[in-house]
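**Student:** target_39.cif is the file, holding mmCIF, C-alpha atoms:
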```
data_start
loop_
_atom_site.label_atom_id
_atom_site.label_comp_id
_atom_site.auth_asym_id
_atom_site.auth_seq_id
_atom_site.Cartn_x
_atom_site.Cartn_y
_atom_site.Cartn_z
CA MET A 196 0.00 0.00 0.00
CA ALA A 197 1.30 3.42 -0.88
CA GLY A 198 1.44 6.16 1.69
CA THR A 199 2.95 6.23 5.12
CA VAL A 200 3.97 3.21 7.19
CA LEU A 201 5.29 3.82 10.68
CA GLY A 202 6.98 0.59 11.78
CA THR A 203 6.98 -1.10 15.17
CA THR A 204 9.96 0.81 16.59
CA ILE A 205 8.82 4.20 15.33
CA MET A 206 7.46 6.68 17.82
CA VAL A 207 5.97 10.01 16.80
CA ASP A 208 5.19 12.64 19.40
CA GLY A 209 3.43 15.54 17.72
CA GLU A 210 1.11 16.10 14.84
CA ILE A 211 0.60 13.98 11.74
CA SER A 212 -1.41 15.39 8.86
CA GLY A 213 -1.76 14.96 5.13
CA GLU A 214 -3.50 13.23 2.26
CA ASP A 215 -1.69 9.87 2.37
CA PRO A 216 -3.09 6.76 4.00
CA VAL A 217 -1.20 6.05 7.21
CA VAL A 218 -0.46 2.68 8.83
CA VAL A 219 0.67 2.81 12.46
CA GLN A 220 2.52 -0.24 13.73
CA GLY A 221 4.44 1.75 16.36
CA THR A 222 3.39 4.56 18.66
CA VAL A 223 1.81 7.93 17.85
CA LYS A 224 1.08 10.57 20.47
CA GLY A 225 -0.47 13.95 19.80
CA ARG A 226 -2.86 14.59 16.96
CA VAL A 227 -3.68 12.87 13.67
CA GLU A 228 -5.56 14.71 10.92
CA LEU A 229 -5.80 12.92 7.58
CA GLY A 230 -7.75 13.26 4.37
CA ALA A 231 -7.18 9.52 3.95
CA PRO A 232 -7.67 6.26 5.85
CA LEU A 233 -5.79 5.43 9.05
CA VAL A 234 -4.90 1.86 10.02
CA VAL A 235 -3.77 1.11 13.54
CA ALA A 236 -2.19 -2.31 13.08
CA GLU A 237 -1.88 -5.00 15.70
CA GLY A 238 0.62 -3.72 18.26
CA GLY A 239 0.12 -0.15 17.10
CA VAL A 240 -0.61 2.42 19.80
CA VAL A 241 -2.27 5.77 19.12
CA GLU A 242 -2.72 8.23 21.96
CA ALA A 243 -4.23 11.06 20.01
CA ASP A 244 -7.37 12.71 18.80
CA VAL A 245 -7.94 11.37 15.33
CA THR A 246 -9.77 13.03 12.42
CA THR A 247 -9.77 11.01 9.19
CA VAL A 248 -11.80 9.51 6.39
CA SER A 249 -11.86 6.04 7.95
CA VAL A 250 -10.12 4.15 10.73
CA GLU A 251 -9.38 0.46 11.11
CA ILE A 252 -8.17 -0.47 14.57
CA ALA A 253 -6.47 -3.76 15.42
CA GLY A 254 -4.20 -2.08 17.94
CA SER A 255 -4.99 0.44 20.62
CA VAL A 256 -6.40 3.96 20.38
CA THR A 257 -6.78 6.33 23.31
CA GLY A 258 -8.47 9.53 22.23
CA ASN A 259 -11.48 10.77 20.35
CA ILE A 260 -12.04 9.54 16.83
CA GLN A 261 -13.94 11.38 14.15
CA ALA A 262 -14.23 9.73 10.74
CA ARG A 263 -15.99 10.97 7.62
CA GLU A 264 -16.87 7.46 6.44
CA ARG A 265 -16.36 4.63 8.89
CA VAL A 266 -14.65 3.29 11.98
CA GLU A 267 -13.90 -0.39 12.42
CA VAL A 268 -12.66 -1.81 15.69
CA ARG A 269 -11.30 -5.30 15.01
CA THR A 270 -11.35 -8.29 17.36
CA ASP A 271 -8.02 -7.44 18.96
CA GLY A 272 -8.66 -3.69 18.83
CA ARG A 273 -8.96 -1.51 21.88
CA VAL A 274 -10.46 1.98 21.97
CA VAL A 275 -10.85 4.34 24.90
CA GLY A 276 -12.55 7.53 23.72
CA ASP A 277 -15.52 8.81 21.79
CA ILE A 278 -16.22 7.70 18.24
CA LYS A 279 -18.15 9.82 15.78
CA ALA A 280 -18.76 8.46 12.27
CA PRO A 281 -21.64 7.63 9.92
CA ARG A 282 -20.76 3.91 10.10
CA ILE A 283 -19.25 2.19 13.09
CA LEU A 284 -18.33 -1.46 13.32
CA ILE A 285 -17.17 -3.07 16.55
CA ALA A 286 -16.11 -6.70 16.27
CA ASP A 287 -16.79 -9.36 18.85
CA GLY A 288 -13.84 -9.40 21.26
CA ALA A 289 -12.93 -5.76 20.77
CA VAL A 290 -12.51 -3.60 23.85
CA PHE A 291 -14.28 -0.26 23.80
CA LYS A 292 -15.01 2.41 26.35
CA GLY A 293 -16.55 5.71 25.33
CA ASN A 294 -19.45 7.33 23.56
CA VAL A 295 -20.62 6.40 20.10
CA ASP A 296 -22.23 8.93 17.79
CA VAL A 297 -23.51 7.48 14.53
CA GLU A 298 -24.65 10.51 12.60
CA GLY A 299 -27.84 10.21 10.63
CA MET B 1143 5.24 -7.10 12.38
CA ALA B 1144 1.77 -6.79 10.94
CA THR B 1145 2.61 -6.17 7.30
CA GLY B 1146 5.76 -8.25 7.09
CA ASP B 1147 8.87 -6.56 5.76
CA SER B 1148 7.17 -3.61 4.11
CA PRO B 1149 9.48 -0.62 4.32
CA CYS B 1150 8.93 2.04 6.91
CA ILE B 1151 8.02 5.19 5.04
CA ILE B 1152 6.61 8.65 5.50
CA GLY B 1153 4.79 9.26 2.23
CA LYS B 1154 4.82 12.27 -0.06
CA GLY B 1155 1.49 13.59 1.16
CA THR B 1156 2.23 13.24 4.86
CA ARG B 1157 3.35 16.02 7.19
CA ILE B 1158 4.70 15.46 10.69
CA LYS B 1159 5.36 18.16 13.26
CA GLY B 1160 7.10 16.98 16.41
CA ASN B 1161 9.46 14.27 17.56
CA LEU B 1162 10.16 11.12 15.63
CA THR B 1163 12.21 8.30 17.11
CA GLY B 1164 12.85 4.74 16.04
CA ALA B 1165 15.29 1.93 15.43
CA GLU B 1166 14.44 0.72 11.94
CA ASP B 1167 15.32 2.03 8.50
CA LEU B 1168 13.06 4.87 7.46
CA VAL B 1169 12.41 6.65 4.18
CA ILE B 1170 10.94 10.14 4.27
CA GLU B 1171 9.22 11.44 1.11
CA GLY B 1172 7.02 13.96 2.88
CA ARG B 1173 7.49 16.91 5.19
CA LEU B 1174 8.77 16.88 8.73
CA GLN B 1175 9.38 19.66 11.21
CA GLY B 1176 10.95 18.91 14.57
CA HIS B 1177 13.40 16.33 15.84
CA ILE B 1178 14.41 12.98 14.39
CA HIS B 1179 16.28 10.44 16.46
CA MET B 1180 16.84 7.15 14.61
CA ARG B 1181 19.15 4.31 15.54
CA SER B 1182 19.18 3.20 11.90
CA HIS B 1183 19.55 4.36 8.30
CA LEU B 1184 17.45 7.36 7.36
CA THR B 1185 16.79 8.30 3.73
CA LEU B 1186 15.37 11.66 2.67
CA GLU B 1187 14.01 11.31 -0.86
CA GLU B 1188 13.80 13.99 -3.57
CA SER B 1189 10.34 15.10 -2.47
CA ALA B 1190 11.32 15.30 1.22
CA ASP B 1191 11.27 18.68 2.94
CA VAL B 1192 12.75 18.38 6.41
CA GLU B 1193 13.41 21.10 8.95
CA ALA B 1194 14.82 19.29 11.93
CA SER B 1195 17.63 18.33 14.17
CA ILE B 1196 18.56 14.87 13.00
CA VAL B 1197 20.41 12.14 14.86
CA ALA B 1198 20.88 8.86 12.98
CA ASP B 1199 23.32 6.00 12.37
CA ALA B 1200 23.47 6.64 8.64
CA LEU B 1201 21.84 9.25 6.45
CA THR B 1202 21.19 9.57 2.73
CA ILE B 1203 19.93 12.94 1.52
CA ARG B 1204 18.32 13.43 -1.88
CA GLY B 1205 15.86 16.15 -0.88
CA LYS B 1206 15.75 19.38 1.09
CA VAL B 1207 17.03 19.65 4.66
CA ARG B 1208 17.51 22.52 7.08
CA GLY B 1209 18.75 22.10 10.62
CA SER B 1210 21.48 20.17 12.36
CA ILE B 1211 22.65 16.68 11.55
CA GLN B 1212 24.58 14.28 13.73
CA VAL B 1213 25.36 10.86 12.30
CA SER B 1214 27.48 8.09 13.84
CA GLN B 1215 28.46 6.38 10.58
CA VAL B 1216 28.15 7.95 7.15
CA VAL B 1217 26.27 10.78 5.43
CA ASN B 1218 25.61 10.68 1.69
CA VAL B 1219 24.48 13.90 0.07
CA ALA B 1220 23.30 13.01 -3.42
CA GLY B 1221 23.31 15.27 -6.45
CA GLY B 1222 20.13 17.34 -6.41
CA ALA B 1223 19.97 17.52 -2.64
CA ALA B 1224 19.72 20.91 -0.94
CA VAL B 1225 21.20 20.96 2.54
CA GLN B 1226 21.41 23.90 4.91
CA ALA B 1227 22.82 22.39 8.05
CA ASP B 1228 25.65 21.87 10.46
CA LEU B 1229 26.77 18.35 9.94
CA LYS B 1230 28.71 16.14 12.29
CA ALA B 1231 29.74 12.67 11.10
CA PRO B 1232 32.90 10.55 10.81
CA ARG B 1233 32.32 10.01 7.06
CA VAL B 1234 30.68 12.41 4.62
CA ALA B 1235 30.20 12.07 0.87
CA ILE B 1236 28.87 14.96 -1.18
CA GLU B 1237 28.08 14.22 -4.82
CA PRO B 1238 28.43 16.75 -7.62
CA GLY B 1239 25.21 18.67 -8.10
CA ALA B 1240 24.37 18.77 -4.41
CA ARG B 1241 23.86 22.12 -2.74
CA PHE B 1242 25.33 22.40 0.72
CA THR B 1243 25.52 25.36 3.09
CA GLY B 1244 26.85 24.88 6.59
CA ARG B 1245 29.61 23.44 8.70
CA ILE B 1246 31.00 19.95 8.40
CA ASP B 1247 32.70 18.46 11.41
CA MET B 1248 34.37 15.10 10.82
CA ASP B 1249 36.02 15.07 14.21
CA VAL B 1250 39.51 14.95 12.74
CA PRO B 1251 42.18 14.38 15.39
CA LEU B 1252 44.38 17.50 15.29
CA PRO B 1253 48.09 17.50 16.05
CA VAL B 1254 48.72 18.36 19.68
CA ASP B 1255 50.95 21.33 18.89
CA LEU B 1256 48.47 23.01 16.59
#
```
Turn this file's structure into structure tokens for me.

**Tutor:**
Amino acid sequence: MAGTVLGTTIMVDGEISGEDPVVVQGTVKGRVELGAPLVVAEGGVVEADVTTVSVEIAGSVTGNIQARERVEVRTDGRVVGDIKAPRILIADGAVFKGNVDVEG
Amino acid sequence: MATGDSPCIIGKGTRIKGNLTGAEDLVIEGRLQGHIHMRSHLTLEESADVEASIVADALTIRGKVRGSIQVSQVVNVAGGAAVQADLKAPRVAIEPGARFTGRIDMDVPLPVDL
């Protein structure tokens, strides 16, 4: 997949923005603002408020998530924070704590 | 690792402001402002625009860099690169066509009586 891949040892403390899809396998703290999808891979840790097109979470996210299209929390995913998106999918086995706002 | 041995990359359309640390090879094609601390090989591609203090094991520059650079092994400044930085490294190669403004410190042992 083209775009940005932040590997397991990579740690970003700050702000990530842009129009490329981003895959997080490492750790991101701060803020994420993308005009593209975000994937938090297994083992990936995001401690940030996230604004994107869509999010797929197999790792851990602590922070509020706002997606233009959809949010998917996979079986091994873990989210602590509020999710706002038109489509939200939480898989069986996922850990979630927060508010859900599925806009009409 | 989730996606196998796919390279670690900061794409053309991505901007990062802040601190970036890591211990695996990284290619930057996008923009970064802040600090980079990598215990690995860092490559700044043609499209890269980096304004940072950089610490790395090895560094290849093909794009634009401003800031300070400290590398423990070797720095390669390719033709077409534009560097405005103070550079500290034991080995430095600058290719024809590269633009470089700044100090280079190779830590040369000076004679005692100098």

**Student:** List the residues selected by the PyMOL selection byres ((chain A) within 8 of (chain B)) in the file shown, writing them as a PyMOL selection string.

**Tutor:** chain A and resi 197-215+220+236-237

**Student:** Would you kindly translate the PyMOL selection byres ((chain B and resi 1222) around 9) into the concrete residues it picks from this file, as a ChimeraX atom specification?

**Tutor:** /B:1188,1204-1206,1219-1221,1223-1224,1237-1241

**Student:** Could you write those residues out with C-alpha atoms, as a JSON list (two decimals), in the coordinates of the input?

**Tutor:**
```
[["chain", "number", "residue", "atom", "x", "y", "z"],
["B", 1188, "GLU", "CA", 13.80, 13.99, -3.57],
["B", 1204, "ARG", "CA", 18.32, 13.43, -1.88],
["B", 1205, "GLY", "CA", 15.86, 16.15, -0.88],
["B", 1206, "LYS", "CA", 15.75, 19.38, 1.09],
["B", 1219, "VAL", "CA", 24.48, 13.90, 0.07],
["B", 1220, "ALA", "CA", 23.30, 13.01, -3.42],
["B", 1221, "GLY", "CA", 23.31, 15.27, -6.45],
["B", 1223, "ALA", "CA", 19.97, 17.52, -2.64],
["B", 1224, "ALA", "CA", 19.72, 20.91, -0.94],
["B", 1237, "GLU", "CA", 28.08, 14.22, -4.82],
["B", 1238, "PRO", "CA", 28.43, 16.75, -7.62],
["B", 1239, "GLY", "CA", 25.21, 18.67, -8.10],
["B", 1240, "ALA", "CA", 24.37, 18.77, -4.41],
["B", 1241, "ARG", "CA", 23.86, 22.12, -2.74]]
```

**Student:** Could you list, as a list in words, every residue matched by the PyMOL selection byres ((chain A and resi 285) around 12) in this structure?

**Tutor:**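 Taken over the shown coordinates, the PyMOL selection byres ((chain A and resi 285) around 12) returns Val250, Glu251, Ile252, Ala253, Arg265, Val266, Glu267, Val268, Arg269, Thr270, Asp271, Gly272, Arg273, Val274, Ile278, Arg282, Ile283, Leu284, Ala286, Asp287, Gly288, Ala289, Val290, Phe291, Lys292 and Val295 of chain A.
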
**Student:** What box, with edges along x, y and z, holds each listed atom of stretch 281-299 of chain A when 4 Å is added on every side, and can you state its centre and edge lengths in Å to one decimal, as lines of an AutoDock Vina configuration file?

**Tutor:**
```
center_x = -20.2
center_y = 0.6
center_z = 18.1
size_x = 23.3
size_y = 27.9
size_z = 24.4
```

**Student:** Just the residues within 6 Å of A:Thr246, please, counting only C-alpha atoms, with nothing from its chain fewer than 6 positions along; format it as a list of chain:residue names.

**Tutor:**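 That gives A:Glu228, A:Gln261, A:Ala262.
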
**Student:** (-4.7, 5.3, 18.1) in this file's frame - what residues fall within 6 Å of it? Use only C-alpha atoms and give the answer as a list of chain:residue names.

**Tutor:** A:Val240, A:Val241, A:Glu242, A:Ser255, A:Val256, A:Thr257

**Student:** Which residues are near B:Thr1243? Cut-off 10 Å, only C-alpha atoms, ignore same chain within fewer than 3 positions. Put them as an MDAnalysis selection string.

**Tutor:** chainID B and resid 1208 1224:1229 1246

**Student:** Suppose we keep C-alpha atoms; can you now write the selection as a compact mmCIF listing (two decimals), in the coordinates of the input?

**Tutor:**
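Below you can see again-v7.txt, which holds the result:
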```txt
# COMPACT_ATOMS: atom_id res chain seq x y z
CA ARG B 1208 17.51 22.52 7.08
CA ALA B 1224 19.72 20.91 -0.94
CA VAL B 1225 21.20 20.96 2.54
CA GLN B 1226 21.41 23.90 4.91
CA ALA B 1227 22.82 22.39 8.05
CA ASP B 1228 25.65 21.87 10.46
CA LEU B 1229 26.77 18.35 9.94
CA ILE B 1246 31.00 19.95 8.40
```

**Student:** Give as a ChimeraX atom specification the set of residues within 7 Å of the point (-26.4, 5.8, 13.2), where distances use the file's coordinates and only C-alpha atoms.

**Tutor:** /A:281-282,296-299

**Student:** Keeping C-alpha atoms, export the residues of the selection given above as a PDB file, in the frame of the given file.

**Tutor:**
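Everything below was put into again_30.pdb:
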```
ATOM      1  CA  PRO A 281     -21.640   7.630   9.920  1.00  0.00           C
ATOM      2  CA  ARG A 282     -20.760   3.910  10.100  1.00  0.00           C
ATOM      3  CA  ASP A 296     -22.230   8.930  17.790  1.00  0.00           C
ATOM      4  CA  VAL A 297     -23.510   7.480  14.530  1.00  0.00           C
ATOM      5  CA  GLU A 298     -24.650  10.510  12.600  1.00  0.00           C
ATOM      6  CA  GLY A 299     -27.840  10.210  10.630  1.00  0.00           C
TER       7      GLY A 299
END
```

**Student:** Please report the interatomic distance between atom CA of B:Arg1233 and atom CA of B:Ala1190 in Å with one decimal.

**Tutor:** 22.4 Å

**Student:** In Å, rounded to a single decimal, give me how far atom CA of B:Ser1210 is from atom CA of B:Ser1195.

**Tutor:** 4.6 Å

**Student:** Excluding B:His1183 and residues on its chain fewer than 4 positions from it, collect all residues at most 6 Å away from it, counting all atoms listed in the file, and give them as a PyMOL selection string.

**Tutor:** chain B and resi 1167+1199-1201

**Student:** Please compute the atom CA of B:Val1213-atom CA of B:Pro1232 distance, one decimal, in Å.

**Tutor:**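 Computing the Euclidean distance for atom CA of B:Val1213 and atom CA of B:Pro1232 yields 7.7 Å.
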
**Student:** Can you take the partial stretch 1220-1254 of chain B, add N, CA and C atoms, and return it as an mmCIF file, in the coordinates of the input?

**Tutor:**
```
data_model
loop_
_atom_site.group_PDB
_atom_site.id
_atom_site.type_symbol
_atom_site.label_atom_id
_atom_site.label_comp_id
_atom_site.auth_asym_id
_atom_site.auth_seq_id
_atom_site.Cartn_x
_atom_site.Cartn_y
_atom_site.Cartn_z
ATOM 1 N N ALA B 1220 23.378 13.329 -1.996
ATOM 2 C CA ALA B 1220 23.300 13.010 -3.420
ATOM 3 C C ALA B 1220 23.179 14.274 -4.254
ATOM 4 N N GLY B 1221 23.506 14.167 -5.528
ATOM 5 C CA GLY B 1221 23.310 15.270 -6.450
ATOM 6 C C GLY B 1221 21.839 15.630 -6.486
ATOM 7 N N GLY B 1222 21.533 16.937 -6.436
ATOM 8 C CA GLY B 1222 20.130 17.340 -6.410
ATOM 9 C C GLY B 1222 19.629 17.666 -5.017
ATOM 10 N N ALA B 1223 20.370 17.222 -4.014
ATOM 11 C CA ALA B 1223 19.970 17.520 -2.640
ATOM 12 C C ALA B 1223 20.259 18.981 -2.324
ATOM 13 N N ALA B 1224 19.480 19.547 -1.399
ATOM 14 C CA ALA B 1224 19.720 20.910 -0.940
ATOM 15 C C ALA B 1224 19.793 20.881 0.581
ATOM 16 N N VAL B 1225 20.994 21.099 1.093
ATOM 17 C CA VAL B 1225 21.200 20.960 2.540
ATOM 18 C C VAL B 1225 21.662 22.301 3.108
ATOM 19 N N GLN B 1226 21.013 22.713 4.188
ATOM 20 C CA GLN B 1226 21.410 23.900 4.910
ATOM 21 C C GLN B 1226 21.542 23.462 6.351
ATOM 22 N N ALA B 1227 22.734 23.013 6.733
ATOM 23 C CA ALA B 1227 22.820 22.390 8.050
ATOM 24 C C ALA B 1227 24.248 22.342 8.554
ATOM 25 N N ASP B 1228 24.374 22.212 9.867
ATOM 26 C CA ASP B 1228 25.650 21.870 10.460
ATOM 27 C C ASP B 1228 25.679 20.369 10.616
ATOM 28 N N LEU B 1229 26.746 19.797 10.076
ATOM 29 C CA LEU B 1229 26.770 18.350 9.940
ATOM 30 C C LEU B 1229 27.942 17.779 10.726
ATOM 31 N N LYS B 1230 27.645 16.790 11.534
ATOM 32 C CA LYS B 1230 28.710 16.140 12.290
ATOM 33 C C LYS B 1230 28.638 14.644 12.010
ATOM 34 N N ALA B 1231 29.719 14.095 11.429
ATOM 35 C CA ALA B 1231 29.740 12.670 11.100
ATOM 36 C C ALA B 1231 31.176 12.252 10.825
ATOM 37 N N PRO B 1232 31.532 10.994 11.090
ATOM 38 C CA PRO B 1232 32.900 10.550 10.810
ATOM 39 C C PRO B 1232 33.178 10.443 9.314
ATOM 40 N N ARG B 1233 32.130 10.137 8.509
ATOM 41 C CA ARG B 1233 32.320 10.010 7.060
ATOM 42 C C ARG B 1233 31.235 10.781 6.333
ATOM 43 N N VAL B 1234 31.650 11.614 5.377
ATOM 44 C CA VAL B 1234 30.680 12.410 4.620
ATOM 45 C C VAL B 1234 31.016 12.323 3.143
ATOM 46 N N ALA B 1235 30.017 12.053 2.326
ATOM 47 C CA ALA B 1235 30.200 12.070 0.870
ATOM 48 C C ALA B 1235 29.224 13.066 0.283
ATOM 49 N N ILE B 1236 29.745 14.006 -0.511
ATOM 50 C CA ILE B 1236 28.870 14.960 -1.180
ATOM 51 C C ILE B 1236 29.066 14.809 -2.682
ATOM 52 N N GLU B 1237 27.989 14.455 -3.375
ATOM 53 C CA GLU B 1237 28.080 14.220 -4.820
ATOM 54 C C GLU B 1237 28.001 15.541 -5.577
ATOM 55 N N PRO B 1238 28.563 15.557 -6.798
ATOM 56 C CA PRO B 1238 28.430 16.750 -7.620
ATOM 57 C C PRO B 1238 26.954 17.032 -7.884
ATOM 58 N N GLY B 1239 26.614 18.312 -7.854
ATOM 59 C CA GLY B 1239 25.210 18.670 -8.100
ATOM 60 C C GLY B 1239 24.455 18.925 -6.817
ATOM 61 N N ALA B 1240 25.032 18.510 -5.682
ATOM 62 C CA ALA B 1240 24.370 18.770 -4.410
ATOM 63 C C ALA B 1240 24.643 20.190 -3.968
ATOM 64 N N ARG B 1241 23.657 20.800 -3.320
ATOM 65 C CA ARG B 1241 23.860 22.120 -2.740
ATOM 66 C C ARG B 1241 24.026 21.963 -1.241
ATOM 67 N N PHE B 1242 25.064 22.556 -0.700
ATOM 68 C CA PHE B 1242 25.330 22.400 0.720
ATOM 69 C C PHE B 1242 25.777 23.733 1.315
ATOM 70 N N THR B 1243 25.096 24.177 2.345
ATOM 71 C CA THR B 1243 25.520 25.360 3.090
ATOM 72 C C THR B 1243 25.593 24.970 4.556
ATOM 73 N N GLY B 1244 26.744 25.185 5.169
ATOM 74 C CA GLY B 1244 26.850 24.880 6.590
ATOM 75 C C GLY B 1244 28.202 24.316 6.941
ATOM 76 N N ARG B 1245 28.352 23.978 8.192
ATOM 77 C CA ARG B 1245 29.610 23.440 8.700
ATOM 78 C C ARG B 1245 29.638 21.927 8.555
ATOM 79 N N ILE B 1246 30.828 21.404 8.329
ATOM 80 C CA ILE B 1246 31.000 19.950 8.400
ATOM 81 C C ILE B 1246 32.077 19.677 9.421
ATOM 82 N N ASP B 1247 31.761 18.810 10.354
ATOM 83 C CA ASP B 1247 32.700 18.460 11.410
ATOM 84 C C ASP B 1247 32.911 16.950 11.376
ATOM 85 N N MET B 1248 34.098 16.534 10.907
ATOM 86 C CA MET B 1248 34.370 15.100 10.820
ATOM 87 C C MET B 1248 35.165 14.597 12.020
ATOM 88 N N ASP B 1249 35.327 15.475 13.009
ATOM 89 C CA ASP B 1249 36.020 15.070 14.210
ATOM 90 C C ASP B 1249 37.419 14.537 13.898
ATOM 91 N N VAL B 1250 38.154 15.339 13.124
ATOM 92 C CA VAL B 1250 39.510 14.950 12.740
ATOM 93 C C VAL B 1250 40.444 15.166 13.927
ATOM 94 N N PRO B 1251 41.237 14.174 14.285
ATOM 95 C CA PRO B 1251 42.180 14.380 15.390
ATOM 96 C C PRO B 1251 43.270 15.365 14.945
ATOM 97 N N LEU B 1252 43.406 16.469 15.657
ATOM 98 C CA LEU B 1252 44.380 17.500 15.290
ATOM 99 C C LEU B 1252 45.704 17.228 15.999
ATOM 100 N N PRO B 1253 46.807 17.642 15.373
ATOM 101 C CA PRO B 1253 48.090 17.500 16.050
ATOM 102 C C PRO B 1253 48.088 18.290 17.357
ATOM 103 N N VAL B 1254 48.766 17.766 18.347
ATOM 104 C CA VAL B 1254 48.720 18.360 19.680
ATOM 105 C C VAL B 1254 49.276 19.782 19.691
#
```
